[in-house]
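Below is the file final29.txt, which contains compact mmCIF, C-alpha atoms (C1' of nucleotides).
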# COMPACT_ATOMS: atom_id res chain seq x y z
CA MET A 1 -17.85 -82.59 -172.05
CA ALA A 2 -15.52 -82.48 -175.02
CA ARG A 3 -15.62 -78.88 -176.10
CA PRO A 4 -15.47 -75.94 -173.71
CA ALA A 5 -18.78 -75.15 -172.11
CA LYS A 6 -20.42 -71.91 -173.11
CA ILE A 7 -20.86 -69.94 -170.00
CA GLU A 8 -24.47 -68.87 -169.69
CA SER A 9 -25.15 -65.37 -170.82
CA SER A 10 -27.23 -64.26 -167.87
CA ALA A 11 -24.66 -65.46 -165.36
CA LEU A 12 -21.97 -63.70 -167.34
CA HIS A 13 -23.88 -60.45 -167.34
CA ARG A 14 -24.42 -60.78 -163.63
CA LYS A 15 -20.74 -61.20 -162.90
CA LEU A 16 -19.75 -58.31 -165.14
CA SER A 17 -22.39 -56.18 -163.46
CA ASP A 18 -20.96 -56.97 -160.04
CA VAL A 19 -17.56 -55.66 -161.10
CA PHE A 20 -18.89 -52.44 -162.58
CA ARG A 21 -21.01 -51.82 -159.52
CA ASP A 22 -18.03 -52.39 -157.29
CA VAL A 23 -15.27 -50.40 -158.96
CA GLY A 24 -17.00 -48.30 -161.62
CA TYR A 25 -16.26 -48.12 -165.32
CA GLU A 26 -12.69 -46.86 -165.26
CA GLY A 27 -11.79 -49.14 -162.38
CA ALA A 28 -13.08 -52.21 -164.16
CA SER A 29 -9.99 -53.46 -165.99
CA LEU A 30 -10.23 -56.41 -168.32
CA ALA A 31 -8.03 -58.32 -165.92
CA LEU A 32 -10.65 -57.78 -163.22
CA LEU A 33 -13.53 -58.63 -165.51
CA SER A 34 -11.70 -61.73 -166.67
CA GLU A 35 -11.04 -62.86 -163.13
CA ALA A 36 -14.63 -62.27 -162.06
CA THR A 37 -16.14 -64.16 -164.98
CA GLY A 38 -13.60 -66.95 -165.21
CA LEU A 39 -13.17 -66.16 -168.89
CA GLN A 40 -9.92 -65.06 -170.49
CA ARG A 41 -9.78 -61.61 -171.98
CA ALA A 42 -9.90 -62.97 -175.53
CA SER A 43 -13.07 -64.88 -174.68
CA LEU A 44 -14.67 -61.71 -173.41
CA TYR A 45 -13.82 -60.03 -176.69
CA HIS A 46 -15.46 -62.91 -178.51
CA ARG A 47 -18.70 -62.24 -176.66
CA PHE A 48 -18.29 -58.47 -176.66
CA PRO A 49 -16.45 -57.33 -179.79
CA GLY A 50 -16.95 -53.76 -178.64
CA GLY A 51 -14.79 -54.42 -175.60
CA LYS A 52 -15.37 -52.92 -172.20
CA GLU A 53 -17.73 -50.28 -173.46
CA GLN A 54 -20.04 -52.90 -174.92
CA MET A 55 -19.92 -54.91 -171.73
CA ALA A 56 -20.92 -51.89 -169.68
CA LEU A 57 -23.64 -50.99 -172.16
CA GLU A 58 -25.15 -54.46 -172.10
CA VAL A 59 -24.96 -54.59 -168.34
CA MET A 60 -26.62 -51.21 -168.15
CA THR A 61 -29.31 -52.26 -170.62
CA GLY A 62 -29.95 -55.38 -168.59
CA ALA A 63 -30.33 -53.29 -165.46
CA GLU A 64 -32.81 -51.06 -167.23
CA GLN A 65 -34.81 -54.10 -168.22
CA TRP A 66 -34.76 -55.32 -164.65
CA LEU A 67 -35.89 -51.89 -163.48
CA GLY A 68 -38.78 -52.01 -165.89
CA GLU A 69 -39.93 -55.44 -164.84
CA HIS A 70 -39.38 -55.32 -161.11
CA ILE A 71 -39.82 -51.65 -160.26
CA LEU A 72 -41.74 -49.78 -162.94
CA ALA A 73 -44.24 -52.52 -163.74
CA PRO A 74 -45.29 -53.05 -160.10
CA LEU A 75 -45.58 -49.28 -159.67
CA ALA A 76 -47.97 -49.16 -162.60
CA SER A 77 -50.09 -52.15 -161.61
CA ASP A 78 -53.72 -51.89 -160.54
CA ALA A 79 -53.07 -52.89 -156.94
CA PRO A 80 -53.64 -50.34 -154.16
CA PRO A 81 -50.87 -47.73 -153.79
CA GLU A 82 -49.48 -49.20 -150.57
CA ALA A 83 -49.09 -52.61 -152.20
CA ARG A 84 -47.39 -51.15 -155.25
CA ILE A 85 -44.91 -49.24 -153.16
CA ARG A 86 -44.19 -52.31 -151.08
CA ALA A 87 -43.55 -54.25 -154.28
CA MET A 88 -41.06 -51.60 -155.38
CA ILE A 89 -39.34 -51.77 -152.01
CA ARG A 90 -38.99 -55.54 -152.26
CA GLY A 91 -37.52 -55.06 -155.71
CA LEU A 92 -35.03 -52.50 -154.45
CA ASP A 93 -33.99 -54.62 -151.51
CA ASP A 94 -33.35 -57.46 -153.90
CA PHE A 95 -31.59 -55.41 -156.55
CA TYR A 96 -29.19 -53.76 -154.13
CA SER A 97 -28.74 -56.88 -152.01
CA GLY A 98 -30.00 -55.12 -148.94
CA GLY A 99 -27.56 -52.26 -149.45
CA ARG A 100 -24.46 -54.31 -150.11
CA GLN A 101 -24.30 -53.47 -153.81
CA ALA A 102 -24.00 -50.01 -155.28
CA CYS A 103 -26.12 -48.60 -158.08
CA LEU A 104 -24.95 -48.66 -161.68
CA LEU A 105 -26.64 -45.32 -162.18
CA ASN A 106 -24.12 -43.86 -159.79
CA MET A 107 -21.08 -45.98 -160.62
CA LEU A 108 -21.29 -45.50 -164.38
CA SER A 109 -22.00 -41.81 -164.49
CA SER A 110 -18.40 -40.67 -164.64
CA PRO A 111 -16.91 -41.93 -167.94
CA ARG A 112 -15.99 -38.57 -169.32
CA ALA A 113 -14.64 -37.53 -172.71
CA ASP A 114 -17.84 -37.72 -174.75
CA ARG A 115 -19.55 -38.30 -171.40
CA GLY A 116 -20.61 -41.39 -173.00
CA PRO A 117 -23.27 -43.64 -174.27
CA PHE A 118 -24.15 -44.16 -170.63
CA ALA A 119 -25.35 -40.66 -169.93
CA ARG A 120 -28.52 -41.08 -171.93
CA LEU A 121 -29.35 -44.49 -170.45
CA ILE A 122 -28.78 -43.23 -166.93
CA ARG A 123 -30.85 -40.10 -167.43
CA ASN A 124 -33.71 -42.08 -168.93
CA ALA A 125 -33.69 -44.68 -166.18
CA LEU A 126 -33.78 -42.07 -163.42
CA LYS A 127 -36.50 -40.11 -165.16
CA ALA A 128 -38.62 -43.19 -165.77
CA TRP A 129 -38.34 -44.23 -162.16
CA ILE A 130 -39.25 -40.80 -160.84
CA GLU A 131 -42.15 -40.47 -163.25
CA ALA A 132 -43.56 -43.87 -162.38
CA LEU A 133 -43.49 -42.99 -158.70
CA ALA A 134 -45.00 -39.57 -159.34
CA ALA A 135 -47.80 -41.12 -161.38
CA LEU A 136 -48.62 -43.45 -158.53
CA LEU A 137 -48.68 -40.59 -156.03
CA SER A 138 -50.89 -38.51 -158.28
CA GLU A 139 -53.24 -41.43 -158.53
CA ALA A 140 -53.15 -41.72 -154.75
CA GLY A 141 -54.56 -38.23 -154.46
CA PHE A 142 -51.58 -35.90 -154.27
CA ASP A 143 -51.33 -32.85 -156.47
CA ALA A 144 -48.88 -33.09 -159.34
CA GLU A 145 -46.30 -30.86 -157.71
CA THR A 146 -46.26 -32.78 -154.47
CA ALA A 147 -46.18 -36.10 -156.31
CA ARG A 148 -43.23 -35.09 -158.40
CA PHE A 149 -41.40 -33.64 -155.43
CA ARG A 150 -41.85 -36.70 -153.26
CA ALA A 151 -40.97 -39.07 -156.06
CA GLU A 152 -37.73 -37.29 -156.81
CA ARG A 153 -36.88 -37.12 -153.13
CA ALA A 154 -37.52 -40.83 -152.67
CA VAL A 155 -35.19 -41.76 -155.51
CA ALA A 156 -32.55 -39.39 -154.15
CA LEU A 157 -32.96 -40.96 -150.73
CA VAL A 158 -32.42 -44.45 -152.11
CA GLN A 159 -29.33 -43.36 -154.03
CA GLY A 160 -27.96 -41.40 -151.10
CA SER A 161 -28.51 -44.21 -148.64
CA LEU A 162 -26.51 -46.46 -150.95
CA VAL A 163 -23.71 -43.89 -151.01
CA LEU A 164 -23.75 -43.79 -147.22
CA ALA A 165 -23.92 -47.56 -146.94
CA ARG A 166 -20.91 -47.84 -149.18
CA GLY A 167 -18.96 -45.06 -147.53
CA MET A 168 -19.68 -46.11 -143.97
CA ASP A 169 -19.45 -49.81 -144.67
CA THR A 170 -22.81 -50.66 -143.16
CA THR A 171 -26.15 -51.48 -144.74
CA ARG A 172 -28.09 -49.64 -142.05
CA PRO A 173 -28.75 -46.41 -143.96
CA PHE A 174 -30.21 -48.38 -146.82
CA ARG A 175 -32.35 -50.53 -144.55
CA ASN A 176 -33.57 -47.47 -142.74
CA CYS A 177 -34.38 -45.84 -146.02
CA LEU A 178 -36.47 -48.73 -147.28
CA ALA A 179 -38.17 -49.19 -143.92
CA ASN A 180 -39.55 -45.66 -144.09
CA LEU A 181 -40.18 -45.19 -147.78
CA GLU A 182 -43.83 -46.19 -147.83
CA ARG A 183 -44.73 -44.02 -144.88
CA GLU A 184 -42.87 -41.00 -146.23
CA LEU A 185 -44.28 -41.32 -149.71
CA LEU A 186 -47.90 -41.61 -148.60
CA ALA A 187 -47.85 -39.35 -145.53
CA PRO A 188 -50.61 -36.73 -145.57
CA ARG A 189 -49.16 -33.43 -146.65
CA SER A 190 -50.13 -31.60 -143.51
CA ASP A 191 -46.62 -30.95 -142.24
CA GLY A 192 -45.67 -27.73 -143.99
CA ALA A 193 -45.65 -27.22 -147.71
CA PRO A 194 -43.13 -29.28 -149.70
CA ALA A 195 -42.26 -26.10 -151.56
CA PRO A 196 -40.44 -27.49 -154.56
CA THR A 197 -38.43 -25.03 -156.60
CA SER A 198 -40.13 -24.59 -159.93
CA ALA A 199 -37.27 -24.19 -162.42
CA MET B 1 10.04 -13.36 -163.84
CA ALA B 2 13.31 -15.23 -164.34
CA ARG B 3 12.68 -18.56 -162.74
CA PRO B 4 9.46 -20.52 -163.16
CA ALA B 5 6.68 -19.35 -160.90
CA LYS B 6 5.62 -21.68 -158.14
CA ILE B 7 1.99 -22.33 -158.62
CA GLU B 8 0.11 -21.60 -155.43
CA SER B 9 -0.63 -24.63 -153.34
CA SER B 10 -4.28 -23.89 -152.61
CA ALA B 11 -5.07 -23.27 -156.26
CA LEU B 12 -3.29 -26.49 -157.15
CA HIS B 13 -5.31 -28.46 -154.65
CA ARG B 14 -8.46 -26.91 -155.98
CA LYS B 15 -7.72 -27.94 -159.54
CA LEU B 16 -6.77 -31.46 -158.55
CA SER B 17 -9.94 -31.70 -156.50
CA ASP B 18 -12.04 -30.69 -159.49
CA VAL B 19 -10.63 -33.56 -161.52
CA PHE B 20 -11.20 -36.17 -158.83
CA ARG B 21 -14.73 -34.95 -158.26
CA ASP B 22 -15.42 -35.12 -161.96
CA VAL B 23 -13.98 -38.46 -162.99
CA GLY B 24 -13.18 -40.27 -159.74
CA TYR B 25 -9.90 -41.77 -158.64
CA GLU B 26 -9.37 -44.37 -161.34
CA GLY B 27 -10.52 -42.00 -164.03
CA ALA B 28 -8.10 -39.30 -162.95
CA SER B 29 -5.06 -40.05 -165.09
CA LEU B 30 -1.87 -38.09 -164.62
CA ALA B 31 -2.37 -36.73 -168.12
CA LEU B 32 -5.71 -35.30 -167.00
CA LEU B 33 -4.32 -33.97 -163.73
CA SER B 34 -1.42 -32.43 -165.60
CA GLU B 35 -3.71 -30.75 -168.08
CA ALA B 36 -6.00 -29.42 -165.38
CA THR B 37 -3.20 -27.95 -163.29
CA GLY B 38 -0.99 -26.74 -166.11
CA LEU B 39 1.91 -28.63 -164.56
CA GLN B 40 3.82 -31.42 -166.25
CA ARG B 41 3.66 -34.85 -164.73
CA ALA B 42 7.18 -34.59 -163.35
CA SER B 43 6.26 -31.34 -161.62
CA LEU B 44 3.31 -33.00 -159.98
CA TYR B 45 5.61 -35.72 -158.70
CA HIS B 46 7.89 -33.03 -157.28
CA ARG B 47 4.98 -31.71 -155.21
CA PHE B 48 3.50 -35.12 -154.52
CA PRO B 49 6.25 -37.75 -154.31
CA GLY B 50 3.57 -40.30 -153.46
CA GLY B 51 1.98 -39.82 -156.86
CA LYS B 52 -1.72 -39.93 -157.55
CA GLU B 53 -2.55 -41.52 -154.25
CA GLN B 54 -0.92 -38.69 -152.33
CA MET B 55 -2.72 -36.13 -154.47
CA ALA B 56 -6.07 -37.73 -153.72
CA LEU B 57 -5.23 -38.04 -150.04
CA GLU B 58 -4.27 -34.38 -149.74
CA VAL B 59 -7.34 -33.31 -151.65
CA MET B 60 -9.47 -35.47 -149.40
CA THR B 61 -7.79 -34.10 -146.30
CA GLY B 62 -8.35 -30.58 -147.53
CA ALA B 63 -12.02 -31.36 -148.07
CA GLU B 64 -12.29 -32.71 -144.54
CA GLN B 65 -10.77 -29.51 -143.22
CA TRP B 66 -13.25 -27.51 -145.23
CA LEU B 67 -16.07 -29.66 -143.87
CA GLY B 68 -14.89 -28.98 -140.34
CA GLU B 69 -14.69 -25.25 -140.80
CA HIS B 70 -17.73 -24.56 -142.93
CA ILE B 71 -20.15 -27.31 -141.93
CA LEU B 72 -19.30 -28.85 -138.57
CA ALA B 73 -18.24 -25.65 -136.85
CA PRO B 74 -21.44 -23.75 -137.75
CA LEU B 75 -23.49 -26.75 -136.66
CA ALA B 76 -21.81 -26.64 -133.26
CA SER B 77 -22.05 -22.89 -132.73
CA ASP B 78 -24.23 -21.29 -130.08
CA ALA B 79 -26.64 -19.71 -132.52
CA PRO B 80 -30.26 -20.90 -132.64
CA PRO B 81 -30.80 -24.25 -134.45
CA GLU B 82 -32.46 -22.68 -137.49
CA ALA B 83 -29.52 -20.35 -137.99
CA ARG B 84 -27.01 -23.17 -137.66
CA ILE B 85 -28.81 -25.30 -140.19
CA ARG B 86 -29.04 -22.39 -142.57
CA ALA B 87 -25.30 -21.86 -142.19
CA MET B 88 -24.71 -25.50 -143.08
CA ILE B 89 -26.94 -25.17 -146.12
CA ARG B 90 -25.02 -22.13 -147.33
CA GLY B 91 -21.82 -24.10 -146.88
CA LEU B 92 -23.19 -27.04 -148.86
CA ASP B 93 -24.45 -24.84 -151.65
CA ASP B 94 -21.02 -23.30 -151.89
CA PHE B 95 -19.10 -26.56 -151.62
CA TYR B 96 -21.08 -28.33 -154.30
CA SER B 97 -21.40 -25.24 -156.49
CA GLY B 98 -25.16 -25.39 -156.33
CA GLY B 99 -25.16 -29.05 -157.39
CA ARG B 100 -22.75 -28.77 -160.29
CA GLN B 101 -19.92 -30.57 -158.52
CA ALA B 102 -20.03 -34.08 -157.15
CA CYS B 103 -18.95 -35.17 -153.70
CA LEU B 104 -15.51 -36.60 -153.06
CA LEU B 105 -17.04 -38.91 -150.48
CA ASN B 106 -18.89 -40.58 -153.32
CA MET B 107 -16.33 -40.27 -156.09
CA LEU B 108 -13.40 -41.62 -154.07
CA SER B 109 -15.11 -44.54 -152.40
CA SER B 110 -14.34 -47.07 -155.09
CA PRO B 111 -10.55 -47.52 -155.19
CA ARG B 112 -10.53 -51.17 -154.42
CA ALA B 113 -7.72 -53.62 -153.72
CA ASP B 114 -6.87 -52.64 -150.15
CA ARG B 115 -10.01 -50.50 -150.36
CA GLY B 116 -7.65 -47.86 -149.52
CA PRO B 117 -6.47 -45.11 -147.35
CA PHE B 118 -9.60 -43.29 -148.44
CA ALA B 119 -12.06 -45.60 -146.77
CA ARG B 120 -11.20 -44.43 -143.27
CA LEU B 121 -11.26 -40.76 -144.19
CA ILE B 122 -14.59 -41.11 -145.93
CA ARG B 123 -16.16 -43.06 -143.11
CA ASN B 124 -14.95 -40.55 -140.55
CA ALA B 125 -16.17 -37.56 -142.53
CA LEU B 126 -19.64 -39.01 -142.99
CA LYS B 127 -19.88 -40.02 -139.34
CA ALA B 128 -18.71 -36.63 -138.11
CA TRP B 129 -21.23 -34.86 -140.29
CA ILE B 130 -24.10 -37.06 -139.16
CA GLU B 131 -23.14 -36.79 -135.52
CA ALA B 132 -22.86 -33.01 -135.65
CA LEU B 133 -26.33 -32.81 -137.15
CA ALA B 134 -27.73 -35.29 -134.64
CA ALA B 135 -26.21 -33.32 -131.76
CA LEU B 136 -27.90 -30.18 -133.01
CA LEU B 137 -31.26 -31.93 -133.31
CA SER B 138 -30.94 -33.41 -129.83
CA GLU B 139 -30.22 -29.96 -128.54
CA ALA B 140 -33.29 -28.72 -130.40
CA GLY B 141 -35.44 -31.07 -128.38
CA PHE B 142 -35.66 -34.27 -130.37
CA ASP B 143 -35.03 -37.62 -128.73
CA ALA B 144 -31.71 -39.25 -129.58
CA GLU B 145 -33.22 -41.81 -131.90
CA THR B 146 -35.14 -39.27 -133.94
CA ALA B 147 -32.15 -36.94 -134.06
CA ARG B 148 -29.86 -39.66 -135.34
CA PHE B 149 -32.41 -40.86 -137.86
CA ARG B 150 -33.10 -37.44 -139.30
CA ALA B 151 -29.43 -36.53 -139.41
CA GLU B 152 -28.53 -39.65 -141.35
CA ARG B 153 -31.45 -39.14 -143.68
CA ALA B 154 -30.47 -35.55 -144.36
CA VAL B 155 -26.93 -36.52 -145.29
CA ALA B 156 -28.24 -39.31 -147.50
CA LEU B 157 -30.60 -36.85 -149.13
CA VAL B 158 -27.78 -34.46 -149.93
CA GLN B 159 -25.64 -37.21 -151.37
CA GLY B 160 -28.52 -38.69 -153.32
CA SER B 161 -29.58 -35.38 -154.75
CA LEU B 162 -26.03 -34.91 -156.01
CA VAL B 163 -26.18 -38.34 -157.65
CA LEU B 164 -29.44 -37.37 -159.33
CA ALA B 165 -28.13 -33.98 -160.34
CA ARG B 166 -25.15 -35.63 -161.95
CA GLY B 167 -27.12 -38.40 -163.59
CA MET B 168 -29.92 -36.22 -164.88
CA ASP B 169 -27.68 -33.31 -165.75
CA THR B 170 -29.66 -30.74 -163.85
CA THR B 171 -29.05 -29.04 -160.54
CA ARG B 172 -32.71 -29.06 -159.60
CA PRO B 173 -32.69 -32.10 -157.30
CA PHE B 174 -29.89 -30.55 -155.28
CA ARG B 175 -31.56 -27.17 -155.09
CA ASN B 176 -34.81 -28.80 -154.04
CA CYS B 177 -32.97 -30.76 -151.42
CA LEU B 178 -31.33 -27.70 -149.86
CA ALA B 179 -34.53 -25.68 -150.07
CA ASN B 180 -36.34 -28.18 -147.88
CA LEU B 181 -33.60 -29.33 -145.53
CA GLU B 182 -34.29 -26.93 -142.69
CA ARG B 183 -38.01 -27.62 -142.65
CA GLU B 184 -37.55 -31.37 -142.81
CA LEU B 185 -34.91 -31.45 -140.12
CA LEU B 186 -36.87 -29.35 -137.64
CA ALA B 187 -40.42 -30.50 -138.44
CA PRO B 188 -42.38 -31.58 -135.38
CA ARG B 189 -42.39 -35.36 -135.22
CA SER B 190 -46.15 -35.64 -135.31
CA ASP B 191 -46.40 -37.39 -138.66
CA GLY B 192 -46.03 -41.02 -137.75
CA ALA B 193 -43.06 -42.49 -135.97
CA PRO B 194 -39.72 -42.33 -137.81
CA ALA B 195 -39.20 -45.94 -136.82
CA PRO B 196 -35.49 -46.33 -137.37
CA THR B 197 -34.15 -49.85 -137.43
CA SER B 198 -32.09 -50.41 -134.35
CA ALA B 199 -29.19 -52.59 -135.48
C1' DG C 1 -16.32 -70.93 -177.57
C1' DT C 2 -12.26 -70.88 -175.27
C1' DC C 3 -7.60 -70.59 -174.99
C1' DT C 4 -2.21 -68.88 -175.24
C1' DA C 5 0.59 -65.48 -177.15
C1' DT C 6 1.45 -60.97 -178.58
C1' DA C 7 0.80 -56.48 -180.57
C1' DG C 8 0.22 -51.61 -179.55
C1' DT C 9 -0.95 -47.99 -176.49
C1' DA C 10 -1.48 -45.37 -172.36
C1' DA C 11 -0.74 -45.59 -167.72
C1' DG C 12 2.21 -44.37 -163.40
C1' DA C 13 6.68 -43.03 -162.14
C1' DT C 14 12.04 -41.37 -162.44
C1' DA C 15 16.37 -39.11 -164.10
C1' DG C 16 18.64 -35.27 -164.98
C1' DA C 17 19.02 -30.65 -167.48
C1' DC C 18 17.83 -25.81 -166.69
C1' DG D 1 10.30 -25.52 -159.25
C1' DT D 2 9.59 -26.78 -163.76
C1' DC D 3 10.79 -28.93 -167.70
C1' DT D 4 11.95 -32.84 -171.59
C1' DA D 5 13.05 -37.45 -172.10
C1' DT D 6 12.74 -42.04 -170.71
C1' DC D 7 11.67 -46.38 -168.11
C1' DT D 8 8.48 -49.89 -166.63
C1' DT D 9 4.32 -51.60 -166.06
C1' DA D 10 -0.51 -52.39 -166.95
C1' DC D 11 -4.02 -51.79 -170.03
C1' DT D 12 -7.02 -52.58 -174.25
C1' DA D 13 -7.31 -55.23 -178.13
C1' DT D 14 -6.08 -58.78 -181.84
C1' DA D 15 -4.20 -63.13 -184.07
C1' DG D 16 -4.44 -67.70 -184.50
C1' DA D 17 -4.31 -72.56 -182.45
C1' DC D 18 -7.50 -76.01 -180.54
Please, can you express the file's structure as structure tokens?
Amino acid sequence: MARPAKIESSALHRKLSDVFRDVGYEGASLALLSEATGLQRASLYHRFPGGKEQMALEVMTGAEQWLGEHILAPLASDAPPEARIRAMIRGLDDFYSGGRQACLLNMLSSPRADRGPFARLIRNALKAWIEALAALLSEAGFDAETARFRAERAVALVQGSLVLARGMDTTRPFRNCLANLERELLAPRSDGAPAPTSA
Amino acid sequence: MARPAKIESSALHRKLSDVFRDVGYEGASLALLSEATGLQRASLYHRFPGGKEQMALEVMTGAEQWLGEHILAPLASDAPPEARIRAMIRGLDDFYSGGRQACLLNMLSSPRADRGPFARLIRNALKAWIEALAALLSEAGFDAETARFRAERAVALVQGSLVLARGMDTTRPFRNCLANLERELLAPRSDGAPAPTSA
DNA sequence: GTCTATAGTAAGATAGAC
DNA sequence: GTCTATCTTACTATAGAC
């Protein structure tokens, strides 16, 4: 080919995402992003005139889209609850590469100063996820309080298992987490009251 | 006072720790650390000739010491299991300021390149915590597998609830987590097998 | 659309006065 | 022990050729 090939946008986003998930926003220098994508810094600025912040924003937006399609949509389908939860679990296993990749929602929540354009995106994504799960649990017969409590706990468990997986350098916590999610979410609420704090 | 006062070491560590917990290692610039401590950069280098890395290492070491004294020691005491768990929970609530402060184990696990002097400390701290909890649960009558599984899940839950608290800008997930820890840890294992993955 | 080359700025770190 | 002043490096970002 005569002129330089335009690197495909989706592949580019993917590679940028990998860097942010690995080293976080502040740790992701343009040198690193350039190396990971195979594009020179100037080329990155051509695609993202807003610089690093725009890259992170687009990556984050892409992740939200992925969340909507592969997690929220299955949770809201008309399949039986067990099937919907299993679909979510497959999505999670895929998204986090079985526990080998961290979560943007965690890795991008530090950029301080204005505390960033990311804060809103992150908050919304977490809320949407929790609410979709809670809606499913309500539909499955749990009272609203229990549904909300279990949903929030499940999301926390996924995030925490990723923190452990990263910190202990093993995917086991994440695999354990996924392996038990369905059972824990749908377990009959006999075993003591969940007792969520109201405020 | 004639000569400049020596700022107390413990207070200094505390302030440095706050910065690292807030913005992570890469985000913690010397300008930020200087501002937070009230010391000029050169003064920080006088105390920490190894620069930022030494600061983070000492902060991390201090946190490990705190973990040993306020979490691991109570877990290994000769009080009844419920009391030991409650002591841990009080320690956690204090350490994380009720969910307002993030965990160093999460915030310092990104520094890449060599992946750092932090990796070992973090891994050890997480393992020690999980093992202390598992030992308590074994002692409380649970089989080794269940004890290990619940211990790891509890630590993941704490970490994850901190991620959520940070991301959603509310301490509720963390408070919920602590409020239910004792019950979840000591619940009779009637409700379906925990089914941990072996490897 | 990609590159090389280069501004301009903020980072980590030192030297030496007090 | 703390400071001001400075060095060096790495970073973000831009200019302009191809």
Would you tabulate, counting all atoms listed in the file, all residues of chain A that have an atom at most 6 Å from an atom of chain B, showing the closest pair of atoms and their distance in Å to one decimal, sorted by chain then ascending number, as a Markdown table?
| residue | atom | partner | partner_atom | distance |
| --- | --- | --- | --- | --- |
| A:Val23 | CA | B:Ser110 | CA | 5.2 |
| A:Glu26 | CA | B:Gly27 | CA | 5.5 |
| A:Gly27 | CA | B:Glu26 | CA | 5.4 |
| A:Ser110 | CA | B:Val23 | CA | 5.2 |
| A:Arg123 | CA | B:Met168 | CA | 4.7 |
| A:Ala156 | CA | B:Gly160 | CA | 4.2 |
| A:Leu157 | CA | B:Leu157 | CA | 5.0 |
| A:Gln159 | CA | B:Gly160 | CA | 4.8 |
| A:Gly160 | CA | B:Gly160 | CA | 3.5 |
| A:Ser161 | CA | B:Ala156 | CA | 5.0 |
| A:Gly167 | CA | B:Arg123 | CA | 5.6 |
| A:Met168 | CA | B:Arg123 | CA | 4.7 |
| A:Asn176 | CA | B:Pro196 | CA | 5.8 |
| A:Pro196 | CA | B:Asn176 | CA | 5.8 |
| A:Thr197 | CA | B:Asn176 | CA | 5.8 |
Take the residues just selected and output them with C-alpha atoms as a compact mmCIF listing (two decimals), in the frame of the given file.
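Result file follows (result.txt):
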# COMPACT_ATOMS: atom_id res chain seq x y z
CA VAL A 23 -15.27 -50.40 -158.96
CA GLU A 26 -12.69 -46.86 -165.26
CA GLY A 27 -11.79 -49.14 -162.38
CA SER A 110 -18.40 -40.67 -164.64
CA ARG A 123 -30.85 -40.10 -167.43
CA ALA A 156 -32.55 -39.39 -154.15
CA LEU A 157 -32.96 -40.96 -150.73
CA GLN A 159 -29.33 -43.36 -154.03
CA GLY A 160 -27.96 -41.40 -151.10
CA SER A 161 -28.51 -44.21 -148.64
CA GLY A 167 -18.96 -45.06 -147.53
CA MET A 168 -19.68 -46.11 -143.97
CA ASN A 176 -33.57 -47.47 -142.74
CA PRO A 196 -40.44 -27.49 -154.56
CA THR A 197 -38.43 -25.03 -156.60
So what do you get for atom CA of B:Ala63 versus atom CA of B:Phe20, distance-wise?
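That distance, rounded to one decimal, is 11.8 Å.
Residues in contact range of A:Gly91, defined as at most 10 Å between only C-alpha atoms (C1' of nucleotides), with sequence neighbours fewer than 6 positions away removed, read Trp66, Leu67, Glu69, His70, Ile71, Leu72, Pro74, Ile85 and Ser97 of chain A.
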Just-selected residues, C-alpha atoms written as a tab-separated table (two decimals), in the coordinates of the input:
chain	number	residue	atom	x	y	z
A	66	TRP	CA	-34.76	-55.32	-164.65
A	67	LEU	CA	-35.89	-51.89	-163.48
A	69	GLU	CA	-39.93	-55.44	-164.84
A	70	HIS	CA	-39.38	-55.32	-161.11
A	71	ILE	CA	-39.82	-51.65	-160.26
A	72	LEU	CA	-41.74	-49.78	-162.94
A	74	PRO	CA	-45.29	-53.05	-160.10
A	85	ILE	CA	-44.91	-49.24	-153.16
A	97	SER	CA	-28.74	-56.88	-152.01
Could you jot down the atom CA of A:Glu139 to atom CA of A:Asp94 separation for me, Å, one decimal place?
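Computed distance, atom CA of A:Glu139 to atom CA of A:Asp94, equals 26.0 Å.
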Could you write out as a list in words the residues of chain C within 9 Å of chain B, counting all atoms listed in the file?
DA11, DG12, DA13 and DT14 of chain C
Extract, using only C-alpha atoms (C1' of nucleotides), all DNA, RNA and protein residues at most 12 Å from A:Arg47, discarding same-chain residues fewer than 6 positions from it, and format them as a PDB file with C-alpha atoms (C1' of nucleotides), in the coordinates of the input.
ATOM      1  CA  LYS A   6     -20.420 -71.910-173.110  1.00  0.00           C
ATOM      2  CA  ILE A   7     -20.860 -69.940-170.000  1.00  0.00           C
ATOM      3  CA  GLU A   8     -24.470 -68.870-169.690  1.00  0.00           C
ATOM      4  CA  SER A   9     -25.150 -65.370-170.820  1.00  0.00           C
ATOM      5  CA  LEU A  12     -21.970 -63.700-167.340  1.00  0.00           C
ATOM      6  CA  HIS A  13     -23.880 -60.450-167.340  1.00  0.00           C
ATOM      7  CA  LEU A  39     -13.170 -66.160-168.890  1.00  0.00           C
ATOM      8  CA  GLN A  40      -9.920 -65.060-170.490  1.00  0.00           C
ATOM      9  CA  ARG A  41      -9.780 -61.610-171.980  1.00  0.00           C
ATOM     10  CA  GLN A  54     -20.040 -52.900-174.920  1.00  0.00           C
ATOM     11  CA  MET A  55     -19.920 -54.910-171.730  1.00  0.00           C
ATOM     12  CA  GLU A  58     -25.150 -54.460-172.100  1.00  0.00           C
TER      13      GLU A  58
ATOM     14  C1'  DG C   1     -16.320 -70.930-177.570  1.00  0.00           C
ATOM     15  C1'  DT C   2     -12.260 -70.880-175.270  1.00  0.00           C
TER      16       DT C   2
END
Nearest to chain A among D:DC7, D:DG1, D:DT12, D:DA17, with distances taken over all atoms listed in the file: which residue is it?
D:DT12
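Atom CA of A:Arg84 is found 10.7 Å from atom CA of A:Leu137.
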Listing only residues of chain D within 12 Å of chain B, what is the closest atom pair and its distance in Å (to one decimal) for each, using all atoms listed in the file, sorted by chain and residue number ascending, as a tab-separated table?
residue	atom	partner	partner_atom	distance
D:DG1	C1'	B:Lys6	CA	6.2
D:DT2	C1'	B:Ser43	CA	6.0
D:DC3	C1'	B:Gln40	CA	7.5
D:DT4	C1'	B:Ala42	CA	9.7
D:DA5	C1'	B:Ala42	CA	10.9
D:DT6	C1'	B:Ala42	CA	11.9
